[in-house]
Structure formats: structure tokens, C-alpha cells
$ cat coords_3.pdb   # PDB, C-alpha atoms, pLDDT in the B column
ATOM      1  CA  MET A   1       0.000   0.000   0.000  1.00 74.00           C
ATOM      2  CA  ASN A   2       1.311   3.418  -0.969  1.00 86.00           C
ATOM      3  CA  ILE A   3      -1.136   6.233  -0.410  1.00 88.00           C
ATOM      4  CA  SER A   4       0.002   9.740  -1.224  1.00 88.00           C
ATOM      5  CA  ALA A   5      -1.628  13.078  -0.530  1.00 88.00           C
ATOM      6  CA  VAL A   6      -0.556  16.675  -0.993  1.00 87.00           C
ATOM      7  CA  VAL A   7      -1.875  19.209   1.499  1.00 87.00           C
ATOM      8  CA  GLU A   8      -1.612  22.991   1.454  1.00 85.00           C
ATOM      9  CA  VAL A   9      -1.613  24.128   5.093  1.00 82.00           C
ATOM     10  CA  ASN A  10      -3.496  27.360   5.743  1.00 83.00           C
ATOM     11  CA  VAL A  11      -3.428  29.684   8.735  1.00 84.00           C
ATOM     12  CA  TRP A  12      -6.557  28.139  10.324  1.00 84.00           C
ATOM     13  CA  ASP A  13      -4.996  24.660  10.240  1.00 81.00           C
ATOM     14  CA  ARG A  14      -1.821  26.034  11.826  1.00 82.00           C
ATOM     15  CA  MET A  15      -3.773  27.695  14.632  1.00 84.00           C
ATOM     16  CA  ARG A  16      -5.797  24.531  15.309  1.00 82.00           C
ATOM     17  CA  ASN A  17      -2.656  22.370  15.301  1.00 77.00           C
ATOM     18  CA  SER A  18      -0.869  24.817  17.596  1.00 82.00           C
ATOM     19  CA  ARG A  19      -3.831  24.785  19.996  1.00 81.00           C
ATOM     20  CA  ARG A  20      -3.823  20.956  20.032  1.00 77.00           C
ATOM     21  CA  GLN A  21      -0.083  20.753  20.572  1.00 77.00           C
ATOM     22  CA  SER A  22       0.018  23.303  23.378  1.00 79.00           C
ATOM     23  CA  PRO A  23       0.663  21.896  26.847  1.00 80.00           C
ATOM     24  CA  PRO A  24      -2.174  21.615  29.365  1.00 79.00           C
ATOM     25  CA  VAL A  25      -0.816  24.608  31.283  1.00 80.00           C
ATOM     26  CA  ALA A  26      -1.669  26.839  28.275  1.00 79.00           C
ATOM     27  CA  TRP A  27      -5.077  27.483  29.837  1.00 80.00           C
ATOM     28  CA  LEU A  28      -3.188  29.446  32.487  1.00 83.00           C
ATOM     29  CA  PHE A  29      -1.960  31.901  29.830  1.00 78.00           C
ATOM     30  CA  ARG A  30      -5.520  32.308  28.610  1.00 82.00           C
ATOM     31  CA  LEU A  31      -6.758  32.940  32.145  1.00 85.00           C
ATOM     32  CA  VAL A  32      -4.007  35.469  32.856  1.00 85.00           C
ATOM     33  CA  GLY A  33      -4.710  37.169  29.522  1.00 84.00           C
ATOM     34  CA  VAL A  34      -8.429  37.496  30.256  1.00 86.00           C
ATOM     35  CA  GLY A  35      -7.744  38.777  33.784  1.00 88.00           C
ATOM     36  CA  TYR A  36      -5.219  41.260  32.443  1.00 87.00           C
ATOM     37  CA  LEU A  37      -7.707  42.423  29.789  1.00 86.00           C
ATOM     38  CA  VAL A  38     -10.365  43.031  32.456  1.00 89.00           C
ATOM     39  CA  TRP A  39      -7.810  44.949  34.511  1.00 89.00           C
ATOM     40  CA  VAL A  40      -6.755  47.058  31.487  1.00 87.00           C
ATOM     41  CA  ILE A  41     -10.369  47.893  30.649  1.00 88.00           C
ATOM     42  CA  ALA A  42     -11.262  48.640  34.296  1.00 89.00           C
ATOM     43  CA  PHE A  43      -8.406  51.140  34.694  1.00 89.00           C
ATOM     44  CA  ASP A  44      -8.773  52.550  31.155  1.00 88.00           C
ATOM     45  CA  LEU A  45      -5.151  51.927  30.200  1.00 84.00           C
ATOM     46  CA  PRO A  46      -3.738  52.752  26.720  1.00 87.00           C
ATOM     47  CA  THR A  47      -4.163  50.504  23.692  1.00 82.00           C
ATOM     48  CA  PRO A  48      -0.741  48.765  23.827  1.00 86.00           C
ATOM     49  CA  TYR A  49      -1.788  47.175  27.113  1.00 86.00           C
ATOM     50  CA  ILE A  50      -4.876  45.750  25.435  1.00 85.00           C
ATOM     51  CA  LEU A  51      -2.692  44.269  22.693  1.00 85.00           C
ATOM     52  CA  VAL A  52      -0.499  42.504  25.272  1.00 84.00           C
ATOM     53  CA  ALA A  53      -3.614  41.148  27.016  1.00 84.00           C
ATOM     54  CA  VAL A  54      -5.075  39.793  23.775  1.00 83.00           C
ATOM     55  CA  LEU A  55      -1.767  38.165  22.786  1.00 81.00           C
ATOM     56  CA  ALA A  56      -1.507  36.498  26.209  1.00 79.00           C
ATOM     57  CA  GLY A  57      -5.099  35.274  26.010  1.00 82.00           C
ATOM     58  CA  LEU A  58      -4.626  33.911  22.509  1.00 83.00           C
ATOM     59  CA  ALA A  59      -1.109  32.512  22.998  1.00 81.00           C
ATOM     60  CA  PRO A  60      -1.571  29.196  21.101  1.00 82.00           C
ATOM     61  CA  GLU A  61      -3.358  30.919  18.227  1.00 84.00           C
ATOM     62  CA  SER A  62      -0.685  33.635  18.107  1.00 84.00           C
ATOM     63  CA  ARG A  63       1.962  30.905  17.934  1.00 83.00           C
ATOM     64  CA  GLY A  64       0.073  29.299  15.024  1.00 83.00           C
ATOM     65  CA  ILE A  65      -0.074  32.601  13.140  1.00 85.00           C
ATOM     66  CA  PHE A  66       3.640  33.191  13.740  1.00 85.00           C
ATOM     67  CA  MET A  67       4.418  29.656  12.531  1.00 82.00           C
ATOM     68  CA  HIS A  68       2.345  30.238   9.404  1.00 84.00           C
ATOM     69  CA  LEU A  69       4.127  33.504   8.621  1.00 84.00           C
ATOM     70  CA  SER A  70       7.506  31.853   9.105  1.00 81.00           C
ATOM     71  CA  SER A  71       6.487  28.817   7.031  1.00 77.00           C
ATOM     72  CA  ARG A  72       7.358  30.599   3.798  1.00 74.00           C
ATOM     73  CA  LYS A  73      10.928  29.514   4.422  1.00 69.00           C
ATOM     74  CA  TYR A  74      10.050  25.811   4.723  1.00 65.00           C
ATOM     75  CA  GLY A  75       7.065  25.711   2.417  1.00 72.00           C
ATOM     76  CA  ARG A  76       3.369  25.422   3.140  1.00 81.00           C
ATOM     77  CA  THR A  77       2.819  22.323   1.029  1.00 87.00           C
ATOM     78  CA  TYR A  78       3.141  18.967   2.759  1.00 86.00           C
ATOM     79  CA  SER A  79       3.364  15.689   0.843  1.00 91.00           C
ATOM     80  CA  TYR A  80       2.244  12.643   2.827  1.00 91.00           C
ATOM     81  CA  VAL A  81       3.064   9.097   1.723  1.00 92.00           C
ATOM     82  CA  LEU A  82       1.566   6.339   3.869  1.00 90.00           C
ATOM     83  CA  SER A  83       2.947   2.863   3.333  1.00 89.00           C
ATOM     84  CA  ASP A  84       3.007  -0.453   5.174  1.00 86.00           C
ATOM     85  CA  GLU A  85       6.283   0.563   6.855  1.00 89.00           C
ATOM     86  CA  GLY A  86       5.212   4.025   8.055  1.00 90.00           C
ATOM     87  CA  ILE A  87       4.613   7.626   7.057  1.00 92.00           C
ATOM     88  CA  ASN A  88       6.847   9.904   5.010  1.00 93.00           C
ATOM     89  CA  ILE A  89       6.208  13.649   5.180  1.00 90.00           C
ATOM     90  CA  ARG A  90       8.014  16.081   2.902  1.00 90.00           C
ATOM     91  CA  THR A  91       8.121  19.826   2.613  1.00 85.00           C
ATOM     92  CA  ARG A  92      10.314  21.963   0.430  1.00 84.00           C
ATOM     93  CA  LEU A  93      13.274  21.659   2.844  1.00 82.00           C
ATOM     94  CA  THR A  94      12.499  18.787   5.203  1.00 84.00           C
ATOM     95  CA  ASN A  95      11.830  15.069   5.046  1.00 90.00           C
ATOM     96  CA  LEU A  96      10.390  13.054   7.948  1.00 87.00           C
ATOM     97  CA  ASP A  97      10.091   9.260   8.070  1.00 91.00           C
ATOM     98  CA  VAL A  98       8.035   7.760  10.878  1.00 89.00           C
ATOM     99  CA  ALA A  99       7.724   4.004  11.369  1.00 90.00           C
ATOM    100  CA  TRP A 100       4.403   2.652  12.632  1.00 89.00           C
ATOM    101  CA  ASP A 101       6.272   1.196  15.620  1.00 90.00           C
ATOM    102  CA  GLY A 102       7.336   4.708  16.653  1.00 90.00           C
ATOM    103  CA  ILE A 103       3.740   5.825  17.169  1.00 91.00           C
ATOM    104  CA  THR A 104       2.399   5.205  20.671  1.00 90.00           C
ATOM    105  CA  HIS A 105      -1.219   6.278  20.231  1.00 88.00           C
ATOM    106  CA  CYS A 106      -3.529   7.266  17.395  1.00 91.00           C
ATOM    107  CA  ARG A 107      -6.904   8.958  17.604  1.00 90.00           C
ATOM    108  CA  GLU A 108      -9.215   9.374  14.645  1.00 89.00           C
ATOM    109  CA  THR A 109     -11.385  12.460  14.445  1.00 88.00           C
ATOM    110  CA  LYS A 110     -13.675  13.739  11.731  1.00 89.00           C
ATOM    111  CA  ARG A 111     -10.864  15.663  10.012  1.00 87.00           C
ATOM    112  CA  HIS A 112      -7.564  14.067  11.078  1.00 86.00           C
ATOM    113  CA  TRP A 113      -5.668  11.145  12.427  1.00 89.00           C
ATOM    114  CA  ILE A 114      -3.820  12.488  15.450  1.00 89.00           C
ATOM    115  CA  MET A 115      -0.747  10.375  16.186  1.00 90.00           C
ATOM    116  CA  ARG A 116       1.356  10.691  19.321  1.00 88.00           C
ATOM    117  CA  PHE A 117       5.026   9.839  19.843  1.00 84.00           C
ATOM    118  CA  PRO A 118       7.072   9.190  22.967  1.00 82.00           C
ATOM    119  CA  GLY A 119       8.039  12.458  24.596  1.00 77.00           C
ATOM    120  CA  GLY A 120       4.853  14.302  23.630  1.00 74.00           C
ATOM    121  CA  GLY A 121       5.290  14.721  19.877  1.00 79.00           C
ATOM    122  CA  VAL A 122       2.137  14.989  17.785  1.00 83.00           C
ATOM    123  CA  LEU A 123       1.531  14.382  14.083  1.00 85.00           C
ATOM    124  CA  HIS A 124      -1.681  15.320  12.282  1.00 83.00           C
ATOM    125  CA  VAL A 125      -2.565  13.464   9.086  1.00 87.00           C
ATOM    126  CA  PRO A 126      -5.454  15.262   7.366  1.00 87.00           C
ATOM    127  CA  LYS A 127      -8.253  13.231   5.828  1.00 90.00           C
ATOM    128  CA  HIS A 128      -9.584  15.784   3.356  1.00 88.00           C
ATOM    129  CA  ALA A 129      -6.784  15.057   0.887  1.00 87.00           C
ATOM    130  CA  LEU A 130      -7.586  11.313   0.767  1.00 90.00           C
ATOM    131  CA  THR A 131     -10.314   9.484  -1.108  1.00 91.00           C
ATOM    132  CA  PRO A 132     -12.759   7.323   0.900  1.00 92.00           C
ATOM    133  CA  VAL A 133     -11.009   4.178  -0.378  1.00 92.00           C
ATOM    134  CA  ASP A 134      -7.631   5.518   0.778  1.00 91.00           C
ATOM    135  CA  ARG A 135      -9.094   6.440   4.173  1.00 92.00           C
ATOM    136  CA  GLN A 136     -10.343   2.899   4.627  1.00 92.00           C
ATOM    137  CA  ALA A 137      -6.921   1.511   3.634  1.00 89.00           C
ATOM    138  CA  VAL A 138      -5.263   3.763   6.232  1.00 89.00           C
ATOM    139  CA  ARG A 139      -7.747   2.582   8.882  1.00 90.00           C
ATOM    140  CA  GLU A 140      -6.876  -1.032   8.041  1.00 89.00           C
ATOM    141  CA  VAL A 141      -3.143  -0.367   8.382  1.00 88.00           C
ATOM    142  CA  LEU A 142      -3.663   1.461  11.685  1.00 88.00           C
ATOM    143  CA  ALA A 143      -5.843  -1.403  12.956  1.00 89.00           C
ATOM    144  CA  GLN A 144      -3.234  -3.920  11.791  1.00 88.00           C
ATOM    145  CA  HIS A 145      -0.602  -2.134  13.873  1.00 87.00           C
ATOM    146  CA  ARG A 146      -3.064  -1.910  16.795  1.00 85.00           C
ATOM    147  CA  LEU A 147      -3.097   1.872  16.831  1.00 85.00           C
ATOM    148  CA  ILE A 148      -6.872   2.169  16.481  1.00 81.00           C
ATOM    149  CA  LYS A 149      -9.759  -0.190  16.855  1.00 71.00           C
ATOM    150  CA  ASP A 150     -11.402  -1.270  13.633  1.00 60.00           C
ATOM    151  CA  GLU A 151     -14.454   0.971  14.025  1.00 56.00           C
ATOM    152  CA  GLN A 152     -15.995   4.122  12.601  1.00 56.00           C
ATOM    153  CA  PRO A 153     -14.309   7.469  13.354  1.00 55.00           C
ATOM    154  CA  ARG A 154     -15.518   9.786  16.066  1.00 56.00           C
ATOM    155  CA  THR A 155     -17.413  12.845  14.921  1.00 57.00           C
ATOM    156  CA  THR A 156     -15.553  15.434  16.988  1.00 56.00           C
ATOM    157  CA  ALA A 157     -13.186  17.764  15.171  1.00 52.00           C
TER     158      ALA A 157
END
$ encode --input "coords_3.pdb" --output "C-alpha cells"
Amino acid sequence: MNISAVVEVNVWDRMRNSRRQSPPVAWLFRLVGVGYLVWVIAFDLPTPYILVAVLAGLAPESRGIFMHLSSRKYGRTYSYVLSDEGINIRTRLTNLDVAWDGITHCRETKRHWIMRFPGGGVLHVPKHALTPVDRQAVREVLAQHRLIKDEQPRTTA
């Protein structure tokens, strides 16, 4: 099995991926940002203070936007090749090979397969670039490697 897909990553995908990859303590930045925004509004402070509060409250999304702006260097087009051995991901400057044995957990959502690695690494494989037949073949390979149960995907995004 060799399934290939080419995906153009947009700013919304980057922000969603950044939000998913942020550590659990990221909610603290959001809370501090909202508290700071309330404080800035209550004491009628100048506009730059509001900007700092919004950036703190939207830290993961801000990181995603920054990553998207800096992605011109590495390319915004990702080529995925899924085979029986693993996944190969290529951009203009990088090449990543991941064996199925290196993946510790996989979760299937409505839009992605979210794969986790030891040490907290996350890989998102988008479904929208694959045909229904290719999606089923990927599910079979993931079930064969015991990364997912052989069942229908969840409907959460």
C-alpha cells in the first residue's frame, strides 16, 4: 500500500494544530490574559496594554499565526506518503520518516488522524486530501498495527 496526498496548510490549520499541541498549562496563559484584559479595561489603560492582554489570552493561536508567517521559508505544502512501513512527510526543505512502531497512540477524528510519539510529539494526518477508499486503507493499516480499533471514526473535530 502506498497512499500519497498533498496538502496545502493554511493559517486556520496552523492555529488549530498549535492549539492541540500546546501543553495543558496553556489554559493558564488564557486565564491570565483574560484577567489582564479586564484589569486594562477597568483602569482605562492605553491601547498597547490591550494588545499585550489579547496576545496572552490567545497565545496558542498567536503561535500558530507566527508559525504560518515563518512557514514561507520551509514551504506550506506537505506531501504525505503512507505505506506499510510508516509515514513519510516532505516539505520543500524537510523530510520526515516515521515508522508505525514509533507511534504510541492514534486517535481518529472527523478531520484528522492524530498520532502521538514518545516524549509528547504529535503528528496530524489530514483526511480531506484522501479518497474514501484511501481512508479505509489507512484505517486497516492502523488497525493492523493496533493503533486504532477497527471501528468508525468519532465525529468530533
$ atom_distance --input "coords_3.pdb" --atom1 "CA of Arg135 in chain A" --atom2 "CA of Ile148 in chain A"
13.2 Å
$ residues_around --input "coords_3.pdb" --residues "Ala56 in chain A" --least-positions-apart "4" --cutoff "8 Å" --atoms "only C-alpha atoms" --output "list of chain:residue names"
A:Phe29, A:Arg30, A:Val32, A:Gly33, A:Val52
$ residues_around --input "coords_3.pdb" --residues "Asn17 in chain A" --least-positions-apart "6" --cutoff "12 Å" --atoms "all atoms listed in the file" --output "list in words"
Val9, Asn10, Val11, Pro60, Glu61, Ser62, Arg63, Gly64, Ile65, Met67, His68, Arg111, His112, Trp113, Ile114, Gly121, Val122, Leu123, His124, Val125, Pro126 and Ala157 of chain A
$ write_last_selection --input "coords_3.pdb" --atoms "C-alpha atoms" --output "CSV table (one decimal), in the frame of the given file"
chain,number,residue,atom,x,y,z
A,9,VAL,CA,-1.6,24.1,5.1
A,10,ASN,CA,-3.5,27.4,5.7
A,11,VAL,CA,-3.4,29.7,8.7
A,60,PRO,CA,-1.6,29.2,21.1
A,61,GLU,CA,-3.4,30.9,18.2
A,62,SER,CA,-0.7,33.6,18.1
A,63,ARG,CA,2.0,30.9,17.9
A,64,GLY,CA,0.1,29.3,15.0
A,65,ILE,CA,-0.1,32.6,13.1
A,67,MET,CA,4.4,29.7,12.5
A,68,HIS,CA,2.3,30.2,9.4
A,111,ARG,CA,-10.9,15.7,10.0
A,112,HIS,CA,-7.6,14.1,11.1
A,113,TRP,CA,-5.7,11.1,12.4
A,114,ILE,CA,-3.8,12.5,15.4
A,121,GLY,CA,5.3,14.7,19.9
A,122,VAL,CA,2.1,15.0,17.8
A,123,LEU,CA,1.5,14.4,14.1
A,124,HIS,CA,-1.7,15.3,12.3
A,125,VAL,CA,-2.6,13.5,9.1
A,126,PRO,CA,-5.5,15.3,7.4
A,157,ALA,CA,-13.2,17.8,15.2
$ resolve_selection --input "coords_3.pdb" --expression "the PyMOL selection byres ((chain A and resi 92) around 7)" --output "ChimeraX atom specification"
/A:74-75,90-91,93-94
$ atom_distance --input "coords_3.pdb" --atom1 "CA of Trp27 in chain A" --atom2 "CA of Leu58 in chain A"
9.8 Å
$ atom_distance --input "coords_3.pdb" --atom1 "CA of Ala53 in chain A" --atom2 "CA of Tyr36 in chain A"
5.7 Å
$ residues_around --input "coords_3.pdb" --residues "Arg146 in chain A" --least-positions-apart "6" --cutoff "10 Å" --atoms "all atoms listed in the file" --output "mmCIF file with C-alpha atoms, in the frame of the given file"
data_model
loop_
_atom_site.group_PDB
_atom_site.id
_atom_site.type_symbol
_atom_site.label_atom_id
_atom_site.label_comp_id
_atom_site.auth_asym_id
_atom_site.auth_seq_id
_atom_site.Cartn_x
_atom_site.Cartn_y
_atom_site.Cartn_z
ATOM 1 C CA TRP A 100 4.403 2.652 12.632
ATOM 2 C CA ASP A 101 6.272 1.196 15.620
ATOM 3 C CA THR A 104 2.399 5.205 20.671
ATOM 4 C CA HIS A 105 -1.219 6.278 20.231
ATOM 5 C CA CYS A 106 -3.529 7.266 17.395
ATOM 6 C CA GLU A 140 -6.876 -1.032 8.041
#
$ closest_residue --input "coords_3.pdb" --among "A:Glu85, A:Lys127, A:Leu31, A:Ser71" --to "Val54 in chain A" --atoms "all atoms listed in the file"
A:Leu31
$ axis_aligned_box --input "coords_3.pdb" --around "range 123-137 of chain A" --padding-each-side "3 Å" --output "AutoDock Vina command-line options"
--center_x -5.6 --center_y 8.6 --center_z 6.5 --size_x 20.3 --size_y 20.3 --size_z 21.2
$ closest_residue --input "coords_3.pdb" --among "A:Val38, A:Glu108, A:Val25, A:Arg16" --to "Ala143 in chain A" --atoms "all atoms listed in the file"
A:Glu108
$ closest_residue --input "coords_3.pdb" --among "A:Met15, A:Val141, A:Leu28, A:Ile50" --to "Gly86 in chain A" --atoms "only C-alpha atoms"
A:Val141
$ residues_around --input "coords_3.pdb" --residues "Val7 in chain A" --least-positions-apart "3" --cutoff "9 Å" --atoms "only C-alpha atoms" --output "list in words"
Arg76, Thr77, Tyr78, Ser79, Tyr80, Pro126, His128 and Ala129 of chain A
$ closest_residue --input "coords_3.pdb" --among "A:Asn95, A:Ile3, A:Arg14, A:Gln136" --to "Ser70 in chain A" --atoms "only C-alpha atoms"
A:Arg14
$ closest_residue --input "coords_3.pdb" --among "A:Ser22, A:Leu82, A:Gly120, A:Met115" --to "Ala137 in chain A" --atoms "only C-alpha atoms"
A:Leu82
